[in-house]
file start-v7.cif (mmCIF, C-alpha atoms and all ligand atoms)
data_entry
#
loop_
_atom_site.label_atom_id
_atom_site.label_comp_id
_atom_site.auth_asym_id
_atom_site.auth_seq_id
_atom_site.Cartn_x
_atom_site.Cartn_y
_atom_site.Cartn_z
CA MET A 1 66.85 48.12 22.83
CA ALA A 2 70.56 47.47 23.11
CA THR A 3 71.04 45.47 26.29
CA LYS A 4 73.91 47.63 27.47
CA TYR A 5 71.33 50.34 28.24
CA THR A 6 69.08 48.15 30.36
CA LEU A 7 69.07 47.18 34.03
CA PRO A 8 71.25 44.34 35.28
CA ARG A 9 69.13 41.21 35.72
CA GLY A 10 67.61 40.88 39.18
CA THR A 11 67.63 44.64 39.86
CA TYR A 12 64.91 47.25 39.44
CA ASP A 13 64.30 50.99 39.59
CA ILE A 14 62.14 52.41 42.34
CA LEU A 15 60.00 54.85 40.39
CA PRO A 16 58.20 57.89 41.85
CA GLU A 17 54.84 56.08 41.90
CA ASP A 18 56.33 53.55 44.34
CA GLU A 19 59.01 55.50 46.15
CA TYR A 20 56.61 56.85 48.77
CA LYS A 21 55.83 53.26 49.80
CA TRP A 22 59.47 52.79 50.72
CA GLN A 23 59.51 56.02 52.70
CA PHE A 24 56.37 54.95 54.54
CA ILE A 25 57.98 51.66 55.57
CA ILE A 26 61.23 53.36 56.57
CA GLU A 27 59.36 55.89 58.72
CA LYS A 28 57.41 53.15 60.47
CA PHE A 29 60.59 51.13 60.98
CA ARG A 30 62.35 54.14 62.51
CA SER A 31 59.36 54.83 64.72
CA ILE A 32 59.32 51.28 66.11
CA ALA A 33 63.13 51.40 66.49
CA ALA A 34 62.83 54.56 68.59
CA ARG A 35 60.17 52.98 70.80
CA PHE A 36 62.31 49.89 71.32
CA ASN A 37 65.31 52.10 72.04
CA TYR A 38 67.44 51.21 69.00
CA TYR A 39 69.97 53.52 67.32
CA GLY A 40 70.77 53.70 63.62
CA ILE A 41 73.98 52.43 62.08
CA THR A 42 75.15 52.54 58.45
CA THR A 43 78.03 50.45 57.18
CA PRO A 44 79.66 50.42 53.73
CA ILE A 45 78.06 48.56 50.87
CA PHE A 46 81.27 46.58 50.33
CA GLU A 47 83.49 44.86 52.87
CA ARG A 48 86.55 42.65 52.86
CA VAL A 49 85.44 39.28 51.62
CA GLU A 50 86.73 37.57 54.80
CA ILE A 51 84.04 39.35 56.83
CA PHE A 52 81.44 37.14 55.20
CA GLU A 53 83.56 34.01 54.83
CA ARG A 54 84.24 34.01 58.57
CA SER A 55 80.67 34.67 59.67
CA VAL A 56 78.09 33.65 57.11
CA GLY A 57 80.35 30.67 56.48
CA ASP A 58 82.85 29.45 53.91
CA GLU A 59 80.56 26.63 52.91
CA SER A 60 77.25 28.47 52.97
CA ASP A 61 75.34 28.99 49.71
CA ILE A 62 75.75 32.74 50.12
CA VAL A 63 79.55 32.62 50.19
CA GLN A 64 79.91 29.71 47.77
CA LYS A 65 77.49 30.79 45.06
CA GLU A 66 75.87 34.13 45.70
CA MET A 67 78.46 36.77 46.57
CA TYR A 68 79.38 39.57 44.21
CA THR A 69 83.11 39.80 44.74
CA PHE A 70 85.69 42.01 43.08
CA THR A 71 89.35 42.82 43.35
CA ASP A 72 90.35 46.46 43.63
CA ARG A 73 93.32 48.13 41.93
CA LYS A 74 95.65 47.01 44.69
CA GLY A 75 94.54 43.41 44.46
CA ARG A 76 92.41 43.42 47.64
CA LYS A 77 89.35 41.21 47.52
CA PHE A 78 85.99 42.72 48.46
CA ALA A 79 82.37 41.63 48.38
CA LEU A 80 79.18 43.62 47.93
CA ARG A 81 77.52 42.86 51.23
CA PRO A 82 75.08 39.95 50.97
CA GLU A 83 73.65 40.72 54.41
CA GLY A 84 73.92 43.22 57.25
CA THR A 85 74.75 41.35 60.46
CA ALA A 86 78.42 40.62 59.79
CA PRO A 87 79.19 44.26 58.83
CA VAL A 88 77.35 45.56 61.91
CA VAL A 89 79.26 43.22 64.21
CA ARG A 90 82.51 44.18 62.45
CA ALA A 91 81.67 47.86 63.09
CA TYR A 92 80.72 47.10 66.70
CA VAL A 93 84.10 45.52 67.39
CA GLU A 94 86.16 47.93 65.29
CA ASN A 95 84.65 50.99 66.97
CA GLY A 96 85.03 49.58 70.46
CA MET A 97 81.32 49.85 71.05
CA ASN A 98 81.35 47.20 73.74
CA ALA A 99 83.85 49.23 75.74
CA SER A 100 81.64 52.32 75.83
CA GLN A 101 78.33 50.57 76.36
CA GLN A 102 77.52 47.12 77.56
CA ILE A 103 74.56 46.80 75.28
CA SER A 104 74.21 48.03 71.73
CA LYS A 105 70.81 48.06 70.09
CA LEU A 106 71.31 48.93 66.43
CA PHE A 107 69.05 49.26 63.41
CA TYR A 108 69.89 49.62 59.72
CA TYR A 109 68.39 49.46 56.26
CA GLY A 110 69.88 49.46 52.81
CA PRO A 111 70.72 47.42 49.73
CA MET A 112 72.19 43.90 49.90
CA PHE A 113 73.46 41.81 47.01
CA ARG A 114 73.12 38.11 46.27
CA TYR A 115 73.64 36.37 42.96
CA ASP A 116 70.70 34.02 42.79
CA ARG A 117 68.12 33.14 40.15
CA PRO A 118 65.75 36.14 40.16
CA GLN A 119 62.06 35.46 40.74
CA LYS A 120 59.10 37.11 42.44
CA GLY A 121 60.38 38.26 45.84
CA ARG A 122 64.00 37.38 45.06
CA TYR A 123 66.40 39.89 43.54
CA ARG A 124 70.12 40.32 43.07
CA GLN A 125 70.03 43.75 44.62
CA PHE A 126 67.41 43.80 47.34
CA TYR A 127 66.79 45.99 50.36
CA GLN A 128 66.78 44.86 53.95
CA PHE A 129 65.71 46.45 57.21
CA GLY A 130 67.32 44.87 60.24
CA ILE A 131 68.10 45.14 63.93
CA GLU A 132 70.90 43.73 66.08
CA TYR A 133 70.82 43.50 69.87
CA ILE A 134 74.40 42.91 70.99
CA GLY A 135 75.36 42.26 74.59
CA SER A 136 72.84 39.92 76.19
CA ASP A 137 71.83 36.29 76.02
CA ASN A 138 68.83 36.79 78.26
CA PRO A 139 65.82 34.96 76.75
CA TYR A 140 63.78 38.10 77.36
CA VAL A 141 65.94 39.76 74.69
CA ASP A 142 65.14 37.05 72.13
CA ALA A 143 61.44 37.64 72.74
CA GLU A 144 61.87 41.42 72.58
CA VAL A 145 63.69 41.23 69.23
CA ILE A 146 60.88 39.06 67.89
CA ALA A 147 58.33 41.48 69.40
CA PHE A 148 59.94 44.31 67.41
CA GLY A 149 59.23 42.46 64.15
CA SER A 150 55.78 41.49 65.25
CA LEU A 151 54.76 45.06 66.15
CA PHE A 152 56.36 46.45 62.99
CA PHE A 153 54.30 44.17 60.74
CA LYS A 154 51.19 44.78 62.77
CA GLU A 155 51.49 48.56 62.54
CA LEU A 156 52.04 48.32 58.78
CA GLY A 157 48.61 46.71 58.70
CA LEU A 158 49.70 43.18 57.78
CA GLN A 159 47.57 40.18 58.58
CA ASN A 160 48.19 36.45 58.56
CA VAL A 161 51.95 36.72 58.99
CA ARG A 162 53.00 33.60 60.84
CA LEU A 163 55.88 33.47 63.26
CA GLU A 164 57.89 30.26 63.40
CA ILE A 165 60.61 29.69 65.95
CA ASN A 166 63.17 27.02 66.67
CA SER A 167 66.31 26.48 68.67
CA ILE A 168 69.34 25.16 66.89
CA GLY A 169 71.23 24.77 70.15
CA CYS A 170 74.87 25.51 70.79
CA LYS A 171 78.04 24.00 69.31
CA ASP A 172 77.98 21.12 71.81
CA CYS A 173 74.42 20.01 71.20
CA GLY A 174 74.90 20.78 67.50
CA ARG A 175 77.64 18.14 67.32
CA GLU A 176 75.35 15.46 68.75
CA TYR A 177 72.65 16.48 66.33
CA ASP A 178 75.03 16.43 63.36
CA LYS A 179 75.92 12.85 64.25
CA ALA A 180 72.24 11.91 64.40
CA LEU A 181 71.62 13.55 61.02
CA ILE A 182 74.52 11.74 59.39
CA ASP A 183 73.23 8.43 60.75
CA TYR A 184 69.80 9.20 59.41
CA PHE A 185 70.85 10.39 55.94
CA LYS A 186 73.55 7.76 55.30
CA PRO A 187 71.20 5.07 53.97
CA PHE A 188 69.77 7.63 51.50
CA TYR A 189 73.17 8.88 50.33
CA GLU A 190 72.76 7.83 46.69
CA GLU A 191 69.36 9.53 46.43
CA LEU A 192 70.65 12.92 47.63
CA CYS A 193 71.55 15.77 45.28
CA SER A 194 75.23 16.56 44.78
CA ASP A 195 75.01 19.61 47.09
CA CYS A 196 73.51 17.50 49.87
CA LYS A 197 76.23 14.89 49.47
CA LYS A 198 78.72 17.65 50.25
CA ARG A 199 76.53 19.02 53.03
CA MET A 200 76.67 15.68 54.77
CA GLU A 201 80.40 16.11 55.26
CA ILE A 202 80.57 19.86 55.80
CA ASN A 203 77.40 20.94 57.57
CA PRO A 204 74.75 18.25 57.99
CA LYS A 205 72.15 20.73 59.30
CA ARG A 206 72.04 22.28 55.85
CA LEU A 207 70.54 18.98 54.62
CA LEU A 208 67.28 20.17 56.16
CA ASP A 209 67.30 23.31 54.05
CA CYS A 210 67.59 21.74 50.58
CA LYS A 211 64.92 22.76 48.06
CA ASN A 212 65.33 19.63 45.89
CA PRO A 213 62.03 17.68 46.19
CA ALA A 214 63.73 14.28 46.62
CA CYS A 215 66.01 15.60 49.38
CA LYS A 216 63.10 17.45 50.95
CA LYS A 217 61.09 14.24 51.16
CA ILE A 218 63.93 12.40 52.85
CA ALA A 219 64.58 15.33 55.20
CA SER A 220 60.94 15.44 56.28
CA LYS A 221 61.47 12.41 58.52
CA ALA A 222 64.92 13.39 59.84
CA PRO A 223 65.45 13.71 63.60
CA ALA A 224 64.54 17.10 65.08
CA MET A 225 67.13 19.39 66.65
CA LEU A 226 64.86 20.03 69.61
CA ASP A 227 65.37 16.44 70.79
CA TYR A 228 69.13 17.04 70.94
CA LEU A 229 69.23 20.32 72.87
CA ASP A 230 71.28 20.21 76.06
CA LYS A 231 69.70 21.31 79.32
CA GLN A 232 70.81 24.95 79.09
CA CYS A 233 69.71 25.40 75.48
CA ALA A 234 66.38 23.66 76.09
CA GLY A 235 65.82 25.85 79.17
CA HIS A 236 66.69 28.99 77.21
CA PHE A 237 64.27 28.09 74.44
CA TRP A 238 61.53 27.37 76.95
CA GLU A 239 62.04 30.79 78.56
CA VAL A 240 61.89 32.52 75.16
CA GLN A 241 58.52 30.89 74.55
CA LYS A 242 57.27 31.92 77.99
CA TYR A 243 58.11 35.56 77.27
CA LEU A 244 56.48 35.44 73.83
CA LYS A 245 53.29 34.12 75.41
CA GLN A 246 53.47 36.83 78.07
CA MET A 247 53.80 39.44 75.31
CA ASP A 248 50.81 37.91 73.53
CA ILE A 249 52.78 37.08 70.38
CA PRO A 250 51.45 33.98 68.62
CA PHE A 251 54.08 31.56 67.33
CA ALA A 252 54.57 27.98 66.21
CA VAL A 253 57.65 25.88 66.91
CA ASN A 254 59.05 24.59 63.64
CA PRO A 255 61.98 22.24 64.28
CA ARG A 256 62.92 22.43 60.56
CA ILE A 257 64.13 26.04 60.69
CA VAL A 258 67.91 25.90 60.31
CA ARG A 259 68.61 29.23 58.52
CA GLY A 260 71.17 29.53 55.75
CA LEU A 261 73.93 31.35 57.63
CA ASP A 262 76.55 29.68 59.79
CA TYR A 263 76.78 32.18 62.62
CA TYR A 264 73.52 31.17 64.29
CA ASN A 265 73.04 29.32 67.55
CA ARG A 266 70.05 28.78 69.82
CA THR A 267 66.96 30.83 68.83
CA ALA A 268 66.16 31.00 65.11
CA PHE A 269 62.93 32.42 63.72
CA GLU A 270 61.11 33.49 60.60
CA PHE A 271 58.09 35.63 59.80
CA ILE A 272 56.21 33.97 56.96
CA TYR A 273 53.47 35.02 54.59
CA ASP A 274 52.41 31.86 52.77
CA LYS A 275 50.78 33.56 49.78
CA LEU A 276 54.21 34.77 48.61
CA GLY A 277 54.92 31.21 47.54
CA ALA A 278 58.53 30.09 47.24
CA GLN A 279 59.93 33.34 48.71
CA LYS A 280 57.56 33.47 51.63
CA ALA A 281 59.93 34.55 54.41
CA ILE A 282 59.32 38.25 54.96
CA ALA A 283 61.97 38.32 57.67
CA GLY A 284 64.29 35.98 59.51
CA GLY A 285 66.82 36.08 62.25
CA GLY A 286 68.34 34.46 65.25
CA ARG A 287 71.01 34.42 67.90
CA TYR A 288 74.74 34.62 67.06
CA ASP A 289 76.54 34.37 70.39
CA GLY A 290 79.97 33.59 68.89
CA LEU A 291 80.18 36.28 66.23
CA VAL A 292 81.61 39.22 68.20
CA LYS A 293 84.43 36.98 69.44
CA GLU A 294 85.01 35.69 65.92
CA PHE A 295 85.68 39.28 64.86
CA GLY A 296 88.18 39.84 67.65
CA GLY A 297 85.89 41.29 70.33
CA ASN A 298 85.13 40.01 73.80
CA ASP A 299 82.91 37.01 74.13
CA THR A 300 79.61 38.88 73.64
CA PRO A 301 76.26 37.38 72.68
CA GLY A 302 73.94 38.88 70.09
CA ILE A 303 70.65 38.39 68.33
CA GLY A 304 68.79 40.15 65.51
CA PHE A 305 66.69 39.79 62.42
CA ALA A 306 66.38 41.27 58.96
CA GLY A 307 63.55 41.46 56.48
CA GLY A 308 63.17 42.27 52.83
CA PHE A 309 61.42 45.46 51.67
CA GLU A 310 60.34 43.82 48.42
CA ARG A 311 58.52 40.92 50.06
CA LEU A 312 56.98 43.29 52.57
CA ILE A 313 55.67 45.57 49.80
CA LEU A 314 54.36 42.60 47.80
CA THR A 315 52.48 41.43 50.89
CA MET A 316 51.14 44.88 51.71
CA GLU A 317 49.94 45.34 48.13
CA GLU A 318 48.36 41.93 48.08
CA GLN A 319 46.50 42.73 51.31
CA GLY A 320 45.46 46.21 50.15
CA CYS A 321 47.35 47.98 52.96
CA THR A 322 47.72 51.74 52.66
CA PHE A 323 51.18 53.26 52.43
CA GLY A 324 50.30 56.69 53.78
CA LYS A 325 49.90 59.39 51.18
CA SER A 326 52.44 60.59 48.68
CA SER A 327 53.01 64.31 49.21
CA LYS A 328 50.08 66.30 47.89
CA THR A 329 50.47 69.62 46.10
CA ASP A 330 48.99 72.53 48.04
CA ILE A 331 48.98 75.16 45.32
CA TYR A 332 49.23 75.10 41.53
CA CYS A 333 50.40 78.50 40.25
CA VAL A 334 49.11 80.02 37.04
CA SER A 335 50.54 83.21 35.50
CA LEU A 336 49.43 85.20 32.47
CA GLY A 337 51.60 87.68 30.59
CA GLU A 338 55.25 88.63 30.73
CA THR A 339 55.16 90.68 33.95
CA ALA A 340 53.10 88.06 35.79
CA ASN A 341 55.44 85.33 34.57
CA LEU A 342 58.25 87.21 36.29
CA GLU A 343 56.44 88.21 39.47
CA ILE A 344 55.02 84.74 40.06
CA ALA A 345 58.62 83.61 40.72
CA GLU A 346 58.70 85.70 43.89
CA ILE A 347 55.30 84.50 45.07
CA ILE A 348 56.29 80.87 44.49
CA MET A 349 59.47 81.34 46.54
CA GLN A 350 57.56 82.96 49.39
CA LEU A 351 55.04 80.15 49.45
CA ARG A 352 57.75 77.48 49.46
CA LYS A 353 59.65 79.30 52.21
CA ALA A 354 56.44 79.28 54.23
CA GLY A 355 56.28 75.48 53.83
CA PHE A 356 53.70 75.01 51.07
CA ILE A 357 54.07 72.42 48.31
CA VAL A 358 53.87 74.44 45.10
CA ALA A 359 53.67 73.35 41.48
CA TYR A 360 54.26 75.59 38.46
CA ASP A 361 54.98 74.92 34.81
CA ALA A 362 56.79 77.85 33.18
CA ASP A 363 56.45 76.29 29.76
CA LYS A 364 52.67 76.48 29.75
CA THR A 365 51.53 79.99 28.85
CA SER A 366 47.82 79.89 27.98
CA MET A 367 45.22 80.14 30.73
CA LYS A 368 43.48 77.08 29.33
CA ALA A 369 46.56 74.85 29.39
CA GLN A 370 47.54 75.98 32.89
CA MET A 371 44.08 75.52 34.35
CA LYS A 372 43.81 72.11 32.74
CA ALA A 373 47.09 71.10 34.39
CA ALA A 374 45.93 72.56 37.73
CA ASP A 375 42.72 70.52 37.53
CA LYS A 376 44.68 67.38 36.72
CA SER A 377 47.08 67.93 39.61
CA ASP A 378 46.13 66.91 43.13
CA ALA A 379 46.47 70.56 44.29
CA LYS A 380 43.98 72.09 46.68
CA PHE A 381 44.16 75.58 45.16
CA ALA A 382 45.03 77.17 41.84
CA LEU A 383 46.68 80.55 42.37
CA ILE A 384 46.16 82.85 39.41
CA LEU A 385 48.19 85.97 38.67
CA GLY A 386 46.96 87.96 35.67
CA GLU A 387 46.91 91.62 34.62
CA ASN A 388 44.09 92.66 36.99
CA GLU A 389 45.77 91.01 39.97
CA LEU A 390 49.07 92.67 39.11
CA LYS A 391 47.31 96.02 39.22
CA ASN A 392 45.58 95.19 42.52
CA LYS A 393 48.69 93.58 44.07
CA SER A 394 46.51 90.48 44.64
CA VAL A 395 46.05 86.92 43.40
CA ILE A 396 43.01 84.78 42.69
CA LEU A 397 42.79 81.64 44.80
CA ARG A 398 40.52 79.03 43.33
CA GLU A 399 39.59 76.01 45.37
CA LEU A 400 39.86 73.33 42.71
CA LYS A 401 37.32 70.89 44.07
CA SER A 402 34.46 73.32 44.60
CA GLY A 403 35.41 75.95 42.00
CA LYS A 404 34.95 78.66 44.66
CA GLN A 405 37.36 81.51 44.20
CA SER A 406 38.32 84.75 45.91
CA GLU A 407 40.76 87.58 45.37
CA ILE A 408 43.35 87.84 48.12
CA SER A 409 45.82 90.65 48.66
CA GLN A 410 49.39 89.44 48.07
CA ASN A 411 50.60 90.59 51.46
CA LYS A 412 47.82 88.62 53.20
CA LEU A 413 48.34 85.48 51.11
CA ILE A 414 50.49 83.44 53.51
CA GLU A 415 48.32 84.40 56.46
CA TYR A 416 45.20 83.40 54.53
CA LEU A 417 46.62 80.06 53.42
CA SER A 418 47.96 79.24 56.86
CA LYS A 419 44.49 79.44 58.40
P1 LIG B 1 68.30 36.16 55.64
O1 LIG B 1 67.26 35.16 56.06
O2 LIG B 1 69.34 35.70 54.72
O3 LIG B 1 68.94 36.69 56.99
O4 LIG B 1 67.59 37.41 55.02
C1 LIG B 1 66.58 38.10 55.72
C2 LIG B 1 65.44 38.49 54.80
O5 LIG B 1 65.93 39.22 53.68
C3 LIG B 1 64.69 37.32 54.17
O6 LIG B 1 63.72 36.81 55.06
C4 LIG B 1 64.05 37.98 52.97
O7 LIG B 1 62.88 38.69 53.36
C5 LIG B 1 65.10 38.99 52.56
N1 LIG B 1 65.92 38.47 51.44
C6 LIG B 1 66.98 37.65 51.49
N2 LIG B 1 67.48 37.41 50.26
C7 LIG B 1 66.70 38.10 49.40
C8 LIG B 1 66.69 38.28 47.97
N3 LIG B 1 67.61 37.71 47.18
N4 LIG B 1 65.73 39.07 47.43
C9 LIG B 1 64.79 39.67 48.21
N5 LIG B 1 64.76 39.55 49.56
C10 LIG B 1 65.69 38.77 50.14
C11 LIG B 1 69.91 37.65 57.05
O8 LIG B 1 70.27 38.33 56.12
C12 LIG B 1 70.45 37.88 58.44
N6 LIG B 1 71.50 38.89 58.40
C13 LIG B 1 69.33 38.27 59.39
C14 LIG B 1 69.82 38.51 60.80
C15 LIG B 1 70.02 39.70 61.39
N7 LIG B 1 70.13 37.57 61.66
C16 LIG B 1 70.54 38.15 62.78
N8 LIG B 1 70.50 39.42 62.62
#

call {"tool": "encode", "arguments": {"input": "start-v7.cif", "output": "structure tokens"}}
result
Amino acid sequence: MATKYTLPRGTYDILPEDEYKWQFIIEKFRSIAARFNYYGITTPIFERVEIFERSVGDESDIVQKEMYTFTDRKGRKFALRPEGTAPVVRAYVENGMNASQQISKLFYYGPMFRYDRPQKGRYRQFYQFGIEYIGSDNPYVDAEVIAFGSLFFKELGLQNVRLEINSIGCKDCGREYDKALIDYFKPFYEELCSDCKKRMEINPKRLLDCKNPACKKIASKAPAMLDYLDKQCAGHFWEVQKYLKQMDIPFAVNPRIVRGLDYYNRTAFEFIYDKLGAQKAIAGGGRYDGLVKEFGGNDTPGIGFAGGFERLILTMEEQGCTFGKSSKTDIYCVSLGETANLEIAEIIMQLRKAGFIVAYDADKTSMKAQMKAADKSDAKFALILGENELKNKSVILRELKSGKQSEISQNKLIEYLSK
């Protein structure tokens, strides 16, 4: 097939046989959001490119290599959003949300875009669900945000999802840690990949995130951030852990979690399902206490996380989780003859108005073809309107599973079916 009529690489269609899975996840997400007292927010799919440069970071992989950017007709530079936190914080500041409420608890879901090498669990257009809690640096809040994710995955029926947490400290302790990292990596400089050589100058913490096996091996013995936390950050992290234990949420401290976005400080965490292989993070998040100020708001702390629908669905499928049911047909309508073909239109409308899911195929005319289709459908009843029924102002209702059928007067039909 000519490639101009195929999907862009790294994207996919959500076909009807899968779409209900997405709706199931969205409904569960909204249900947890309501219970945790979060409100929905939707931001545009594209933003000024500076929004991401200033927050995710000029030197991050996302901004450097993965953003889809374009210039509009007036020469303004935009990016398809690679993530949701920066747009939400932009909206929070721009709409003066901190003036009207001290705390904003926001949830969102939608497509994000990153230009990366596509593979299982990694796409160029992917879908995230996420939450942002803006307005508190209380360690209880960190634990509550994590608890949201934990309950969400639990109620979707997932098992063996591990939670890893870390603290990456604040700017002050970060500086000390950067120095320690540079000292550690310096003797290995020649063995590092070209990206890591740059990272050493720009953001040494990113050295811990490199996927190159040689760099990974060197990084495995690097000093841990936790040993460089100042008293306040260490205390905060300790409190977060105390709350998690109190909420009965199992976790492991992984001092290697650095996260790929620059806005983070203090708590960072990931939900991991190992069987997904290279793309095993189902969700990740952390604290971003400087971001609201960066976007021109008051100095306001925040924390949140986001997860990927695709990785979640892969995990749920792998574990045989159910996704609720796709909508079942209640009634398959069958009509025979010209007059019945016309009158069935009214009956179908009445049934649909009364809330029933009704299927009908006007192109099939023979009894045999229509009944075959009714049997193949997942409908509970076939409703048959033929010459006799027209005369009697009735219909035949046939229960498809048992084959039992009865003649019902048309004006009693809705009442009968509603029983
Ligand atoms: P992130 O770790 O970049 O964080 O992405 C969160 C999740 O999105 C990942 O754990 C993964 O499940 C999914 N994801 C990321 N990239 C892809 C991709 N190319 N294909 C499929 N799934 C992907 C953030 O985006 C932050 N905004 C999270 C956050 C919210 N931090 C604070 N608040």

call {"tool": "atom_distance", "arguments": {"input": "start-v7.cif", "atom1": "atom C2 of ligand LIG 1 (chain B)", "atom2": "CA of Phe305 (chain A)"}}
result
7.8 Å

call {"tool": "residues_near_ligand", "arguments": {"input": "start-v7.cif", "ligand": "ligand LIG 1 (chain B)", "cutoff": "9 Å", "atoms": "all atoms listed in the file", "output": "ChimeraX atom specification"}}
result
/A:10,56,62,82-86,112-133,259-261,263-264,268,270-272,279-288,302-312

call {"tool": "atom_distance", "arguments": {"input": "start-v7.cif", "atom1": "CA of Gln64 (chain A)", "atom2": "CA of Lys221 (chain A)"}}
result
27.5 Å

call {"tool": "residues_around", "arguments": {"input": "start-v7.cif", "residues": "region 178-188 of chain A", "least_positions_apart": "5", "cutoff": "9 Å", "atoms": "only C-alpha atoms", "output": "list in words"}}
result
Cys173, Met200, Glu201, Asn203, Pro204, Lys205, Leu207, Ile218, Ala219, Lys221, Ala222, Pro223, Ala224 and Tyr228 of chain A

call {"tool": "atom_distance", "arguments": {"input": "start-v7.cif", "atom1": "CA of Tyr189 (chain A)", "atom2": "CA of Arg175 (chain A)"}}
result
19.9 Å

call {"tool": "closest_residue", "arguments": {"input": "start-v7.cif", "among": "A:Tyr416, A:Tyr109, A:Tyr20, A:Phe148", "to": "Asn37 (chain A)", "atoms": "only C-alpha atoms"}}
result
A:Phe148

call {"tool": "residues_around", "arguments": {"input": "start-v7.cif", "residues": "Glu407 (chain A)", "least_positions_apart": "3", "cutoff": "8 Å", "atoms": "all atoms listed in the file", "output": "number ranges by chain"}}
result
A: 394-397

call {"tool": "residues_near_point", "arguments": {"input": "start-v7.cif", "point": "(70.4, 20.1, 76.3)", "cutoff": "12 Å", "atoms": "all atoms listed in the file", "output": "PyMOL selection string"}}
result
chain A and resi 167-177+225-238+266

call {"tool": "closest_residue", "arguments": {"input": "start-v7.cif", "among": "A:Ala345, A:Ile165, A:Leu413, A:Leu158", "to": "Gln319 (chain A)", "atoms": "all atoms listed in the file"}}
result
A:Leu158

call {"tool": "closest_residue", "arguments": {"input": "start-v7.cif", "among": "A:Ser377, A:Ser55, A:Asn160, A:Ser220", "to": "Lys275 (chain A)", "atoms": "only C-alpha atoms"}}
result
A:Asn160

call {"tool": "residues_around", "arguments": {"input": "start-v7.cif", "residues": "Val240 (chain A)", "least_positions_apart": "3", "cutoff": "8 Å", "atoms": "only C-alpha atoms", "output": "ChimeraX atom specification"}}
result
/A:139-140,142-143,236-237,243-244

call {"tool": "closest_residue", "arguments": {"input": "start-v7.cif", "among": "A:Val63, A:Leu156, A:Leu151, A:Leu383", "to": "Glu27 (chain A)", "atoms": "all atoms listed in the file"}}
result
A:Leu156

call {"tool": "residues_around", "arguments": {"input": "start-v7.cif", "residues": "region 330-342 of chain A", "least_positions_apart": "6", "cutoff": "7 Å", "atoms": "only C-alpha atoms", "output": "VMD selection string"}}
result
chain A and resid 356 to 360 365 367 370 374 379 to 386 390

call {"tool": "residues_around", "arguments": {"input": "start-v7.cif", "residues": "Glu47 (chain A)", "least_positions_apart": "3", "cutoff": "8 Å", "atoms": "all atoms listed in the file", "output": "ChimeraX atom specification"}}
result
/A:44,51,78-81,87

call {"tool": "axis_aligned_box", "arguments": {"input": "start-v7.cif", "around": "region 159-164 of chain A", "padding_each_side": "3 Å", "output": "JSON"}}
result
{"center_x": 52.7, "center_y": 35.2, "center_z": 61.0, "size_x": 16.3, "size_y": 15.9, "size_z": 10.8}

call {"tool": "closest_residue", "arguments": {"input": "start-v7.cif", "among": "A:Asn411, A:Ser418, A:Ser406, A:Ser150", "to": "Ala354 (chain A)", "atoms": "all atoms listed in the file"}}
result
A:Ser418

call {"tool": "closest_residue", "arguments": {"input": "start-v7.cif", "among": "A:Pro255, A:Leu351, A:Phe52, A:Lys404", "to": "Leu291 (chain A)", "atoms": "all atoms listed in the file"}}
result
A:Phe52

call {"tool": "residues_near_point", "arguments": {"input": "start-v7.cif", "point": "(51.0, 49.4, 59.4)", "cutoff": "12 Å", "atoms": "only C-alpha atoms", "output": "ChimeraX atom specification"}}
result
/A:21,24-29,31-32,149-159,312-313,315-316,319-324

call {"tool": "build_atoms", "arguments": {"input": "start-v7.cif", "residues": "region 22-28 of chain A", "atoms": "N, CA, C and O atoms", "output": "compact mmCIF listing (two decimals), in the coordinates of the input"}}
result
# COMPACT_ATOMS: atom_id res chain seq x y z
N TRP A 22 58.22 53.08 50.02
CA TRP A 22 59.47 52.79 50.72
C TRP A 22 59.65 53.74 51.89
O TRP A 22 60.01 53.34 52.99
N GLN A 23 59.35 55.03 51.63
CA GLN A 23 59.51 56.02 52.70
C GLN A 23 58.56 55.72 53.84
O GLN A 23 58.91 55.87 55.01
N PHE A 24 57.37 55.28 53.51
CA PHE A 24 56.37 54.95 54.54
C PHE A 24 56.90 53.82 55.44
O PHE A 24 56.82 53.89 56.67
N ILE A 25 57.47 52.81 54.80
CA ILE A 25 57.98 51.66 55.57
C ILE A 25 59.18 52.09 56.41
O ILE A 25 59.30 51.72 57.59
N ILE A 26 60.05 52.90 55.83
CA ILE A 26 61.23 53.36 56.57
C ILE A 26 60.79 54.19 57.79
O ILE A 26 61.29 54.00 58.90
N GLU A 27 59.83 55.06 57.59
CA GLU A 27 59.36 55.89 58.72
C GLU A 27 58.79 55.03 59.82
O GLU A 27 59.06 55.23 61.00
N LYS A 28 57.99 54.04 59.44
CA LYS A 28 57.41 53.15 60.47
C LYS A 28 58.51 52.37 61.18
O LYS A 28 58.50 52.22 62.40
